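**Q** Contents are mmCIF, C-alpha atoms and all ligand atoms; file name my_file_35.cif:
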```
data_final
loop_
_atom_site.label_atom_id
_atom_site.label_comp_id
_atom_site.auth_asym_id
_atom_site.auth_seq_id
_atom_site.Cartn_x
_atom_site.Cartn_y
_atom_site.Cartn_z
CA SER A 1 134.86 90.84 105.84
CA GLY A 2 132.44 88.01 105.29
CA PRO A 3 131.70 85.62 102.44
CA ASP A 4 130.42 88.43 100.17
CA GLY A 5 133.82 90.08 99.90
CA ASN A 6 133.03 93.61 101.03
CA SER A 7 130.10 92.56 103.18
CA PRO A 8 130.54 92.77 106.94
CA PHE A 9 128.31 89.68 107.30
CA ARG A 10 129.95 87.36 109.80
CA GLY A 11 128.81 84.26 107.96
CA LEU A 12 127.04 81.44 109.70
CA GLY A 13 130.21 80.28 111.44
CA GLY A 14 130.23 83.49 113.44
CA LEU A 15 126.50 83.63 114.03
CA LEU A 16 125.26 80.17 114.91
CA ARG A 17 124.92 78.95 118.47
CA GLU A 18 127.59 76.38 119.28
CA ASN A 19 125.01 73.75 120.22
CA ILE A 20 123.35 74.19 116.82
CA LYS A 21 126.69 73.86 115.01
CA ARG A 22 127.20 70.57 116.81
CA LEU A 23 123.59 69.44 116.53
CA VAL A 24 122.93 66.10 114.93
CA PRO A 25 119.44 66.68 113.52
CA TYR A 26 116.69 64.20 114.19
CA SER A 27 116.65 61.67 111.44
CA SER A 28 113.07 60.82 110.55
CA ALA A 29 112.18 57.26 109.76
CA ARG A 30 112.11 57.61 105.99
CA ASP A 31 115.25 59.72 105.54
CA GLU A 32 117.43 56.83 104.42
CA TYR A 33 114.87 55.26 102.13
CA GLN A 34 114.88 56.31 98.51
CA GLY A 35 113.08 54.31 95.90
CA GLU A 36 110.00 52.23 95.38
CA ALA A 37 109.25 50.37 98.60
CA SER A 38 105.66 49.28 99.16
CA VAL A 39 105.73 47.91 102.69
CA PHE A 40 106.46 50.57 105.31
CA LEU A 41 107.18 49.05 108.69
CA ASP A 42 109.70 51.67 109.77
CA ALA A 43 107.79 54.44 111.55
CA ASN A 44 105.46 52.73 114.02
CA GLU A 45 102.42 54.07 112.21
CA ASN A 46 99.07 52.30 112.23
CA ALA A 47 99.40 49.99 109.21
CA PHE A 48 95.66 49.36 108.98
CA GLY A 49 94.66 52.86 108.01
CA SER A 50 93.18 56.01 109.47
CA PRO A 51 89.55 56.58 110.54
CA LEU A 52 89.41 59.21 107.81
CA ASP A 53 89.32 58.57 104.07
CA GLN A 54 92.85 59.65 103.43
CA GLN A 55 96.14 58.08 104.43
CA PHE A 56 96.58 60.18 107.53
CA ASN A 57 98.00 57.11 109.24
CA ARG A 58 101.28 58.02 107.49
CA TYR A 59 103.64 60.80 108.57
CA PRO A 60 103.82 63.79 106.22
CA ASP A 61 106.80 64.62 104.03
CA PRO A 62 109.22 66.32 106.47
CA MET A 63 110.73 68.45 103.68
CA GLN A 64 107.41 69.34 101.97
CA PHE A 65 108.81 68.52 98.53
CA ASP A 66 105.62 68.95 96.44
CA LEU A 67 104.60 72.16 98.18
CA LYS A 68 108.07 73.66 97.71
CA LYS A 69 108.03 72.70 94.03
CA ARG A 70 104.81 74.67 93.57
CA ILE A 71 106.11 77.64 95.57
CA THR A 72 109.18 77.61 93.31
CA GLU A 73 106.89 77.92 90.29
CA ILE A 74 105.11 80.91 91.81
CA LYS A 75 108.02 82.74 93.46
CA GLY A 76 110.96 81.74 91.28
CA VAL A 77 112.96 80.65 94.32
CA PRO A 78 114.56 77.16 94.22
CA PRO A 79 113.39 74.65 96.87
CA ARG A 80 116.81 74.66 98.55
CA ASN A 81 116.19 78.34 99.39
CA ILE A 82 112.73 77.73 100.90
CA PHE A 83 111.82 76.86 104.48
CA ILE A 84 108.19 76.03 105.28
CA GLY A 85 106.89 76.43 108.81
CA ASN A 86 103.76 75.93 110.85
CA GLY A 87 102.92 79.56 110.13
CA SER A 88 105.66 82.16 109.81
CA ASP A 89 105.44 82.39 113.60
CA GLU A 90 107.34 79.09 113.65
CA ALA A 91 110.01 80.51 111.34
CA ILE A 92 110.47 83.46 113.71
CA ASP A 93 110.93 81.16 116.68
CA ILE A 94 113.36 78.90 114.81
CA LEU A 95 115.57 81.88 113.93
CA PHE A 96 115.84 82.69 117.63
CA ARG A 97 116.64 79.12 118.56
CA ALA A 98 119.26 78.69 115.85
CA PHE A 99 121.14 81.97 116.23
CA CYS A 100 120.56 83.52 119.65
CA ASN A 101 122.25 82.31 122.84
CA PRO A 102 119.82 82.66 125.75
CA GLY A 103 120.90 85.28 128.27
CA VAL A 104 123.78 86.40 126.03
CA ASP A 105 122.69 87.56 122.59
CA ASN A 106 120.28 90.26 121.55
CA VAL A 107 118.10 91.25 118.60
CA VAL A 108 116.98 94.65 117.35
CA LEU A 109 113.26 95.36 116.95
CA VAL A 110 111.76 98.54 115.49
CA PRO A 111 108.39 99.21 117.17
CA PRO A 112 105.59 99.71 116.60
CA THR A 113 105.75 96.36 114.84
CA TYR A 114 104.45 92.79 114.86
CA GLY A 115 104.23 91.56 118.45
CA MET A 116 105.55 88.03 118.03
CA TYR A 117 109.16 89.14 117.52
CA GLU A 118 109.27 90.35 121.11
CA VAL A 119 107.27 87.42 122.49
CA SER A 120 109.59 84.96 120.75
CA ALA A 121 112.60 86.88 122.10
CA ASN A 122 111.17 86.68 125.62
CA ILE A 123 110.37 82.97 125.33
CA ASN A 124 113.93 82.32 124.24
CA ASP A 125 115.44 84.60 126.91
CA ILE A 126 116.90 86.96 124.30
CA GLU A 127 117.18 90.70 124.95
CA ALA A 128 115.04 92.70 122.51
CA ARG A 129 116.64 96.10 121.89
CA LYS A 130 113.94 98.44 120.69
CA VAL A 131 114.64 101.35 118.38
CA ASN A 132 111.36 103.07 117.65
CA LEU A 133 110.39 103.92 114.11
CA THR A 134 110.48 107.64 113.31
CA GLU A 135 107.33 109.81 113.41
CA ASP A 136 106.64 108.83 109.80
CA TYR A 137 107.08 105.15 110.65
CA GLN A 138 110.44 104.69 108.93
CA LEU A 139 113.71 103.23 110.23
CA ASN A 140 115.90 105.24 112.56
CA LEU A 141 119.16 104.00 111.05
CA GLU A 142 121.40 105.95 113.44
CA GLY A 143 119.52 104.60 116.43
CA ILE A 144 119.78 101.07 115.08
CA ALA A 145 123.54 101.47 114.50
CA GLU A 146 123.92 102.57 118.13
CA ALA A 147 121.86 99.67 119.47
CA ILE A 148 123.89 97.01 117.68
CA ASP A 149 126.85 95.32 119.35
CA LYS A 150 128.83 92.14 118.80
CA ASN A 151 126.03 90.04 120.32
CA THR A 152 123.32 91.37 118.02
CA LYS A 153 122.31 88.44 115.84
CA LEU A 154 119.04 89.44 114.17
CA ILE A 155 117.16 92.57 113.11
CA PHE A 156 113.44 92.19 112.36
CA ILE A 157 111.89 94.54 109.79
CA CYS A 158 108.22 94.16 108.92
CA SER A 159 107.35 95.62 105.51
CA PRO A 160 104.54 96.46 104.95
CA ASN A 161 104.58 97.03 108.68
CA ASN A 162 101.97 95.74 111.08
CA PRO A 163 100.26 97.76 112.65
CA THR A 164 101.15 100.97 110.77
CA GLY A 165 100.47 99.61 107.26
CA ASN A 166 103.26 101.44 105.44
CA SER A 167 106.21 99.91 103.64
CA ILE A 168 109.69 100.53 104.99
CA ASN A 169 112.00 102.43 102.62
CA ARG A 170 113.82 99.98 100.41
CA ASP A 171 117.09 101.92 100.50
CA ASP A 172 117.14 101.85 104.30
CA ILE A 173 116.67 98.08 104.40
CA GLN A 174 119.48 97.73 101.86
CA THR A 175 121.71 99.95 103.99
CA LEU A 176 121.06 97.61 106.92
CA LEU A 177 121.74 94.53 104.82
CA ALA A 178 125.01 95.99 103.57
CA ASN A 179 126.27 97.09 106.99
CA PHE A 180 124.97 94.65 109.59
CA SER A 181 127.13 91.65 110.41
CA GLY A 182 124.12 89.56 111.47
CA ILE A 183 120.89 88.55 109.74
CA VAL A 184 118.21 91.00 108.57
CA VAL A 185 114.74 89.43 108.58
CA VAL A 186 112.27 91.16 106.26
CA ASP A 187 108.76 90.01 107.14
CA GLU A 188 106.58 90.39 104.06
CA ALA A 189 103.36 88.89 105.41
CA TYR A 190 101.40 91.68 103.65
CA ILE A 191 103.50 92.00 100.48
CA ASN A 192 100.64 90.97 98.17
CA PHE A 193 98.77 94.17 99.06
CA SER A 194 101.77 96.39 98.46
CA ARG A 195 103.02 98.44 95.52
CA GLN A 196 106.57 97.65 96.60
CA LYS A 197 108.67 94.87 95.13
CA SER A 198 109.44 91.89 97.32
CA PHE A 199 112.94 91.53 98.77
CA ILE A 200 112.95 88.01 97.34
CA GLN A 201 114.71 89.55 94.33
CA GLU A 202 117.60 90.55 96.61
CA LEU A 203 118.31 87.05 97.93
CA THR A 204 121.14 86.48 95.48
CA GLU A 205 122.65 89.84 96.48
CA TYR A 206 122.69 89.42 100.28
CA SER A 207 123.63 86.25 102.12
CA ASN A 208 122.41 87.78 105.42
CA LEU A 209 118.81 88.24 104.23
CA VAL A 210 115.80 86.20 105.35
CA VAL A 211 112.48 87.07 103.67
CA MET A 212 109.34 85.75 105.35
CA GLN A 213 105.96 85.37 103.69
CA THR A 214 102.80 83.50 104.64
CA LEU A 215 99.70 81.87 103.19
CA SER A 216 97.68 83.37 106.08
CA LYS A 217 96.84 86.74 104.53
CA ALA A 218 96.23 87.25 100.78
CA TRP A 219 96.03 83.50 100.20
CA GLY A 220 93.22 83.13 102.72
CA LEU A 221 94.70 80.12 104.51
CA ALA A 222 95.33 81.37 108.05
CA GLY A 223 93.71 78.22 109.40
CA LEU A 224 96.18 75.89 107.68
CA ARG A 225 99.24 77.47 109.37
CA VAL A 226 101.68 77.59 106.46
CA GLY A 227 104.44 80.20 106.46
CA MET A 228 107.59 80.50 104.38
CA ALA A 229 111.10 81.79 104.81
CA PHE A 230 113.35 82.42 101.82
CA ALA A 231 117.11 82.67 102.35
CA SER A 232 120.54 81.35 101.37
CA GLU A 233 120.93 77.59 101.19
CA GLU A 234 123.10 77.70 104.33
CA ILE A 235 120.48 79.52 106.41
CA ILE A 236 117.67 77.27 105.14
CA GLU A 237 119.73 74.18 106.02
CA VAL A 238 120.10 75.43 109.57
CA MET A 239 116.36 76.16 109.87
CA ASN A 240 115.52 72.69 108.59
CA LYS A 241 117.90 71.18 111.12
CA VAL A 242 116.22 72.99 114.02
CA LYS A 243 112.57 72.48 113.03
CA PRO A 244 110.57 69.53 114.38
CA PRO A 245 110.64 66.84 111.66
CA TYR A 246 106.93 66.89 110.78
CA ASN A 247 106.23 70.57 111.42
CA VAL A 248 103.74 70.99 108.56
CA ASN A 249 100.96 68.43 108.82
CA GLU A 250 99.71 66.32 105.93
CA SER A 251 96.34 67.98 105.49
CA SER A 252 97.94 71.44 105.49
CA GLN A 253 100.47 70.34 102.87
CA GLN A 254 97.77 68.83 100.65
CA LEU A 255 95.32 71.69 101.00
CA ALA A 256 97.99 74.38 100.56
CA LEU A 257 99.16 72.66 97.38
CA ALA A 258 95.60 72.55 96.05
CA ALA A 259 95.00 76.18 97.01
CA LEU A 260 98.15 77.35 95.25
CA ALA A 261 96.48 76.50 91.94
CA ASN A 262 94.13 79.44 92.50
CA VAL A 263 96.39 82.37 91.71
CA GLY A 264 93.59 84.02 89.71
CA GLN A 265 91.13 83.93 92.60
CA VAL A 266 93.68 85.36 95.00
CA ASN A 267 94.51 88.20 92.61
CA GLU A 268 90.80 89.02 92.40
CA TRP A 269 90.57 89.19 96.20
CA ILE A 270 93.64 91.41 96.35
CA LYS A 271 92.13 93.80 93.79
CA GLU A 272 88.85 93.91 95.69
CA THR A 273 90.69 94.44 99.00
CA LEU A 274 92.58 97.41 97.54
CA ALA A 275 89.35 98.91 96.16
CA GLN A 276 87.66 98.47 99.54
CA ARG A 277 90.69 99.99 101.25
CA ASP A 278 90.30 103.13 99.10
CA ARG A 279 86.60 103.19 99.86
CA LEU A 280 87.11 102.91 103.63
CA VAL A 281 89.79 105.60 103.65
CA LEU A 282 87.53 108.02 101.79
CA ALA A 283 84.49 107.36 103.97
CA LEU A 284 86.37 107.39 107.29
CA LYS A 285 87.92 110.77 106.48
CA ASP A 286 84.45 112.33 106.75
CA LEU A 287 83.91 111.23 110.34
CA GLU A 288 84.62 113.99 112.82
CA PHE A 289 86.35 111.73 115.36
CA VAL A 290 88.83 110.53 112.74
CA LEU A 291 92.04 112.60 112.94
CA ASP A 292 94.24 110.75 110.49
CA ILE A 293 94.41 107.65 108.32
CA TYR A 294 97.91 106.43 107.60
CA PRO A 295 98.80 105.37 104.04
CA SER A 296 98.54 101.58 103.83
CA ASP A 297 100.27 98.97 101.69
CA ALA A 298 98.46 96.20 103.59
CA ASN A 299 94.98 94.74 104.04
CA PHE A 300 94.32 96.94 107.07
CA ILE A 301 94.47 100.61 107.90
CA LEU A 302 95.67 102.42 110.99
CA VAL A 303 93.20 105.13 111.94
CA LYS A 304 93.99 107.87 114.46
CA THR A 305 90.92 108.98 116.38
CA THR A 306 89.97 111.37 119.15
CA ASN A 307 88.68 108.55 121.35
CA ALA A 308 90.00 105.09 120.43
CA ASN A 309 88.81 103.34 123.61
CA GLY A 310 85.32 104.77 123.31
CA ILE A 311 84.99 103.82 119.65
CA TYR A 312 86.43 100.39 120.29
CA ASP A 313 83.97 99.64 123.11
CA PHE A 314 81.07 101.04 121.07
CA LEU A 315 81.94 98.79 118.10
CA VAL A 316 82.28 95.73 120.34
CA LYS A 317 78.75 96.34 121.66
CA GLN A 318 77.55 96.33 118.04
CA GLY A 319 79.35 93.03 117.39
CA ILE A 320 82.22 94.55 115.42
CA ILE A 321 85.77 93.84 116.52
CA VAL A 322 88.70 95.98 115.43
CA ARG A 323 92.17 96.11 116.99
CA ASN A 324 92.72 98.77 119.61
CA ARG A 325 96.34 99.94 119.33
CA SER A 326 95.91 103.12 121.35
CA LYS A 327 98.27 101.96 124.12
CA VAL A 328 101.06 101.27 121.63
CA GLU A 329 103.80 103.90 121.55
CA LEU A 330 103.55 106.05 118.37
CA CYS A 331 100.02 104.71 117.81
CA GLU A 332 98.25 106.73 120.51
CA GLY A 333 94.55 107.08 119.66
CA CYS A 334 94.80 104.50 116.88
CA LEU A 335 92.57 101.64 115.83
CA ARG A 336 93.80 99.06 113.34
CA ILE A 337 90.97 98.05 111.03
CA THR A 338 91.17 95.05 108.71
CA ILE A 339 89.61 95.53 105.27
CA GLY A 340 86.48 93.35 105.18
CA THR A 341 84.06 92.33 102.45
CA PRO A 342 82.01 95.15 100.89
CA ASP A 343 79.08 94.21 103.16
CA GLU A 344 81.21 94.12 106.29
CA ASN A 345 82.72 97.48 105.45
CA THR A 346 79.24 98.92 104.94
CA ILE A 347 78.19 97.66 108.37
CA LEU A 348 81.33 99.17 109.91
CA LEU A 349 80.78 102.56 108.26
CA GLU A 350 77.05 102.71 109.04
CA THR A 351 77.76 101.80 112.66
CA LEU A 352 80.56 104.35 113.01
CA LYS A 353 78.23 107.09 111.71
CA THR A 354 76.04 106.51 114.77
CA PHE A 355 78.89 106.95 117.26
CA GLU A 356 78.75 110.09 119.32
N1 LIG B 1 104.14 88.47 110.40
C1 LIG B 1 103.26 89.46 110.47
C2 LIG B 1 103.69 90.85 110.19
C3 LIG B 1 101.93 89.20 110.83
O1 LIG B 1 101.06 90.22 110.94
C4 LIG B 1 101.54 87.87 111.10
C5 LIG B 1 100.13 87.49 111.45
N2 LIG B 1 99.43 88.34 112.24
C6 LIG B 1 102.50 86.89 111.01
C7 LIG B 1 103.79 87.20 110.64
C8 LIG B 1 102.21 85.46 111.36
O2 LIG B 1 101.70 84.82 110.28
P1 LIG B 1 101.45 83.25 110.26
O3 LIG B 1 99.98 83.09 110.25
O4 LIG B 1 102.11 82.80 108.99
O5 LIG B 1 102.10 82.65 111.47
#
```
Take the structure I supplied and represent it as structure tokens, if you would.
Ligand code: PMP

**A**
Amino acid sequence: SGPDGNSPFRGLGGLLRENIKRLVPYSSARDEYQGEASVFLDANENAFGSPLDQQFNRYPDPMQFDLKKRITEIKGVPPRNIFIGNGSDEAIDILFRAFCNPGVDNVVLVPPTYGMYEVSANINDIEARKVNLTEDYQLNLEGIAEAIDKNTKLIFICSPNNPTGNSINRDDIQTLLANFSGIVVVDEAYINFSRQKSFIQELTEYSNLVVMQTLSKAWGLAGLRVGMAFASEEIIEVMNKVKPPYNVNESSQQLALAALANVGQVNEWIKETLAQRDRLVLALKDLEFVLDIYPSDANFILVKTTNANGIYDFLVKQGIIVRNRSKVELCEGCLRITIGTPDENTILLETLKTFE
């Protein structure tokens, strides 16, 4: 048993790649300095300034101290349990690089799900064992148990799931956490649109849990590339060791910090998104080529149609882009439609009414 007593979790000793255990992390120029220096001649920066107003001639804080402090206020998770990445896509990749031996280890994915897990696996030469979700887009726990072996390091669960929109049953994720000897990653990119509680509350319960969130969705900051992973101090330490030292740039850190003052605005957008989601679902139901609309806990809906390719091409010609998922297994005939502004949704609905 692992560090939790009854838990089968192997602990990081049994999970980490040997080269990462031995890794001496890059020490950035200012790591050793603590205090009140005023002359910085240590990092080969341009001492004269930057062509822009701000001090972009200086490297950013490698540990994103101020940003983490603010995220702690919002999420209730201490900074030592927070990793910040250049988007959560970077956090995904870092998990592969820290834990999975190329050509040896494997991970379990549960499609249809977010595509980057598999791309990151392929980039890192890690076998992705796929255990499809059930017909109602829930976990096939027996199938997952069969797929796992001693070289399975990570399981990726996306909840609410992209592209299906539903949340994954909490009990099933807890069963995985309690029985898997590796790390369970719960990707909560869309959690702000969900009725479900975040798994952040479970971090103290499970030392093999990584929860990922992002500022790219509800927070409206996809362009800044700021993603977060929440986990045990030990896992976060490893992720910080593997990340490039200045992975979150100065302007992103500053702007994200400023944006995180606007909780009220974001909550308004979330409310409006949910209202527009209801509206779209109701209106789409009336269209004869719409066969089904899956229940969504996210800011998009998966719509099953009689003719996904035809509708997709028709919408493109009218300047409207949705995501065609009809070639994805278990999503045959489906389009994934992001909830837009009221005006955008009106345009979408009016255009769809003219499709024959
Ligand atoms: N996870 C999921 C489920 C997503 O849908 C996305 C974005 N499409 C991401 C992660 C990546 O988010 P980020 O912008 O933080 O890299």

**Q** Which neighbours of range 288-303 of chain A fall inside 7 Å, counting all atoms listed in the file, when residues of the same chain fewer than 3 positions from it are skipped, and could you give them as an MDAnalysis selection string?

**A** chainID A and resid 160 163:167 190 193:195 273 281 284:285 306 334:339

**Q** Please identify all polymer residues lying at most 10 Å from the point (110.2, 70.0, 112.7) (file coordinates), using only C-alpha atoms, and present the result as a PDB file with C-alpha atoms, keeping the file's coordinate frame.

**A**
```pdb
ATOM      1  CA  PRO A  25     119.440  66.680 113.520  1.00  0.00           C
ATOM      2  CA  TYR A  26     116.690  64.200 114.190  1.00  0.00           C
ATOM      3  CA  SER A  28     113.070  60.820 110.550  1.00  0.00           C
ATOM      4  CA  PRO A  62     109.220  66.320 106.470  1.00  0.00           C
ATOM      5  CA  MET A  63     110.730  68.450 103.680  1.00  0.00           C
ATOM      6  CA  ILE A  84     108.190  76.030 105.280  1.00  0.00           C
ATOM      7  CA  GLY A  85     106.890  76.430 108.810  1.00  0.00           C
ATOM      8  CA  ASN A  86     103.760  75.930 110.850  1.00  0.00           C
ATOM      9  CA  GLU A  90     107.340  79.090 113.650  1.00  0.00           C
ATOM     10  CA  ILE A  94     113.360  78.900 114.810  1.00  0.00           C
ATOM     11  CA  MET A 239     116.360  76.160 109.870  1.00  0.00           C
ATOM     12  CA  ASN A 240     115.520  72.690 108.590  1.00  0.00           C
ATOM     13  CA  LYS A 241     117.900  71.180 111.120  1.00  0.00           C
ATOM     14  CA  VAL A 242     116.220  72.990 114.020  1.00  0.00           C
ATOM     15  CA  LYS A 243     112.570  72.480 113.030  1.00  0.00           C
ATOM     16  CA  PRO A 244     110.570  69.530 114.380  1.00  0.00           C
ATOM     17  CA  PRO A 245     110.640  66.840 111.660  1.00  0.00           C
ATOM     18  CA  TYR A 246     106.930  66.890 110.780  1.00  0.00           C
ATOM     19  CA  ASN A 247     106.230  70.570 111.420  1.00  0.00           C
ATOM     20  CA  VAL A 248     103.740  70.990 108.560  1.00  0.00           C
TER      21      VAL A 248
END
```

**Q** If you count all atoms listed in the file, which residues fall within 12 Å of Phe199 in chain A, apart from same-chain ones fewer than 3 positions away, as a compact mmCIF listing (two decimals) with C-alpha atoms, keeping the file's coordinate frame?

**A**
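Final file, selection.txt:
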```
# COMPACT_ATOMS: atom_id res chain seq x y z
CA LYS A 75 108.02 82.74 93.46
CA VAL A 77 112.96 80.65 94.32
CA ILE A 157 111.89 94.54 109.79
CA CYS A 158 108.22 94.16 108.92
CA SER A 159 107.35 95.62 105.51
CA PRO A 160 104.54 96.46 104.95
CA SER A 167 106.21 99.91 103.64
CA ILE A 168 109.69 100.53 104.99
CA ASN A 169 112.00 102.43 102.62
CA ARG A 170 113.82 99.98 100.41
CA ASP A 171 117.09 101.92 100.50
CA ILE A 173 116.67 98.08 104.40
CA GLN A 174 119.48 97.73 101.86
CA LEU A 177 121.74 94.53 104.82
CA VAL A 184 118.21 91.00 108.57
CA VAL A 185 114.74 89.43 108.58
CA VAL A 186 112.27 91.16 106.26
CA ASP A 187 108.76 90.01 107.14
CA GLU A 188 106.58 90.39 104.06
CA ALA A 189 103.36 88.89 105.41
CA ILE A 191 103.50 92.00 100.48
CA GLN A 196 106.57 97.65 96.60
CA GLU A 202 117.60 90.55 96.61
CA LEU A 203 118.31 87.05 97.93
CA THR A 204 121.14 86.48 95.48
CA GLU A 205 122.65 89.84 96.48
CA TYR A 206 122.69 89.42 100.28
CA LEU A 209 118.81 88.24 104.23
CA VAL A 210 115.80 86.20 105.35
CA VAL A 211 112.48 87.07 103.67
CA MET A 212 109.34 85.75 105.35
CA GLN A 213 105.96 85.37 103.69
CA ALA A 229 111.10 81.79 104.81
CA PHE A 230 113.35 82.42 101.82
CA ALA A 231 117.11 82.67 102.35
```

**Q** Where's the centre, and what are the edge lengths in Å to one decimal, of a box along x, y and z enclosing all listed atoms of range 12-31 of chain A padded 4 Å per side, as AutoDock Vina command-line options?

**A**
```
--center_x 121.2 --center_y 70.4 --center_z 112.9 --size_x 26.1 --size_y 34.4 --size_z 22.7
```

**Q** Using CA of Thr113 in chain A and CA of Leu12 in chain A as the two end points, give the distance in Å to one decimal.

**A**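 Pair CA of Thr113 in chain A / CA of Leu12 in chain A returns 26.5 Å.
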
**Q** Give me the residues near range 56-61 of chain A as a PyMOL selection string, where near means some atom within 10 Å (using all atoms listed in the file) and where sequence neighbours in that chain fewer than 2 positions away do not count.

**A** chain A and resi 28-31+40+43-54+63-67+245-254

**Q** Would you work out the distance separating CA of Glu329 in chain A from atom O3 of ligand LIG 1 (chain B), expressed in Å to one decimal?

**A**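 These two atoms are separated by 24.0 Å.
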
**Q** Within 6 Å of ligand LIG 1 (chain B) (counting only C-alpha atoms and all ligand atoms), which residues show up? I'd like them as a PDB file with C-alpha atoms, in the frame of the given file.

**A**
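Produced file result14.pdb, reproduced below:
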```pdb
ATOM      1  CA  GLY A  87     102.920  79.560 110.130  1.00  0.00           C
ATOM      2  CA  SER A  88     105.660  82.160 109.810  1.00  0.00           C
ATOM      3  CA  ASP A  89     105.440  82.390 113.600  1.00  0.00           C
ATOM      4  CA  TYR A 114     104.450  92.790 114.860  1.00  0.00           C
ATOM      5  CA  CYS A 158     108.220  94.160 108.920  1.00  0.00           C
ATOM      6  CA  ASN A 162     101.970  95.740 111.080  1.00  0.00           C
ATOM      7  CA  ASP A 187     108.760  90.010 107.140  1.00  0.00           C
ATOM      8  CA  ALA A 189     103.360  88.890 105.410  1.00  0.00           C
ATOM      9  CA  THR A 214     102.800  83.500 104.640  1.00  0.00           C
ATOM     10  CA  SER A 216      97.680  83.370 106.080  1.00  0.00           C
ATOM     11  CA  ALA A 222      95.330  81.370 108.050  1.00  0.00           C
ATOM     12  CA  ARG A 225      99.240  77.470 109.370  1.00  0.00           C
ATOM     13  CA  VAL A 226     101.680  77.590 106.460  1.00  0.00           C
ATOM     14  CA  GLY A 227     104.440  80.200 106.460  1.00  0.00           C
TER      15      GLY A 227
END
```

**Q** CA of Glu32 in chain A to CA of Phe96 in chain A: how many Å, to one decimal?

**A** 29.1 Å

**Q** Neighbouring residues of Ala308 in chain A were defined as those with any atom within 9 Å, considering only C-alpha atoms; residues of the same chain fewer than 5 positions away were excluded. Please report them as a ChimeraX atom specification.

**A** /A:313,324-326,332-335

**Q** For Ile82 in chain A, which of A:Met228, A:Leu215, A:Ala275, A:Val39 is the closest residue, counting all atoms listed in the file?

**A**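 The closest residue to Ile82 in chain A is A:Met228.
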
**Q** With distances taken over all atoms listed in the file, which residue among A:Leu221, A:Ile123, A:Leu141, A:Gly340 lies nearest Leu176 in chain A?

**A**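 Distance minimum relative to Leu176 in chain A lands on A:Leu141.
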
**Q** When you look at Asn140 in chain A with a cut-off of 10 Å (counting all atoms listed in the file), what residues show up, excluding the ones that are within fewer than 5 positions of it in the same chain? I need them as a PDB file with C-alpha atoms, in the frame of the given file.

**A**
```pdb
ATOM      1  CA  VAL A 110     111.760  98.540 115.490  1.00  0.00           C
ATOM      2  CA  VAL A 131     114.640 101.350 118.380  1.00  0.00           C
ATOM      3  CA  ASN A 132     111.360 103.070 117.650  1.00  0.00           C
ATOM      4  CA  LEU A 133     110.390 103.920 114.110  1.00  0.00           C
ATOM      5  CA  THR A 134     110.480 107.640 113.310  1.00  0.00           C
ATOM      6  CA  GLU A 135     107.330 109.810 113.410  1.00  0.00           C
ATOM      7  CA  ALA A 145     123.540 101.470 114.500  1.00  0.00           C
ATOM      8  CA  ASP A 172     117.140 101.850 104.300  1.00  0.00           C
TER       9      ASP A 172
END
```

**Q** I need the residue nearest Lys153 in chain A from this list: A:Val238, A:Leu139, A:Ile183, A:Ala259. Use all atoms listed in the file for the distance.

**A**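 Nearest to Lys153 in chain A: A:Ile183.
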
**Q** Given the choices A:Thr351, A:Asn151, A:Ser207, A:Ser120, which gets closest to Leu287 in chain A if the distance is worked out from only C-alpha atoms?

**A**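 Between A:Thr351, A:Asn151, A:Ser207, A:Ser120, the residue approaching Leu287 in chain A most closely is A:Thr351.
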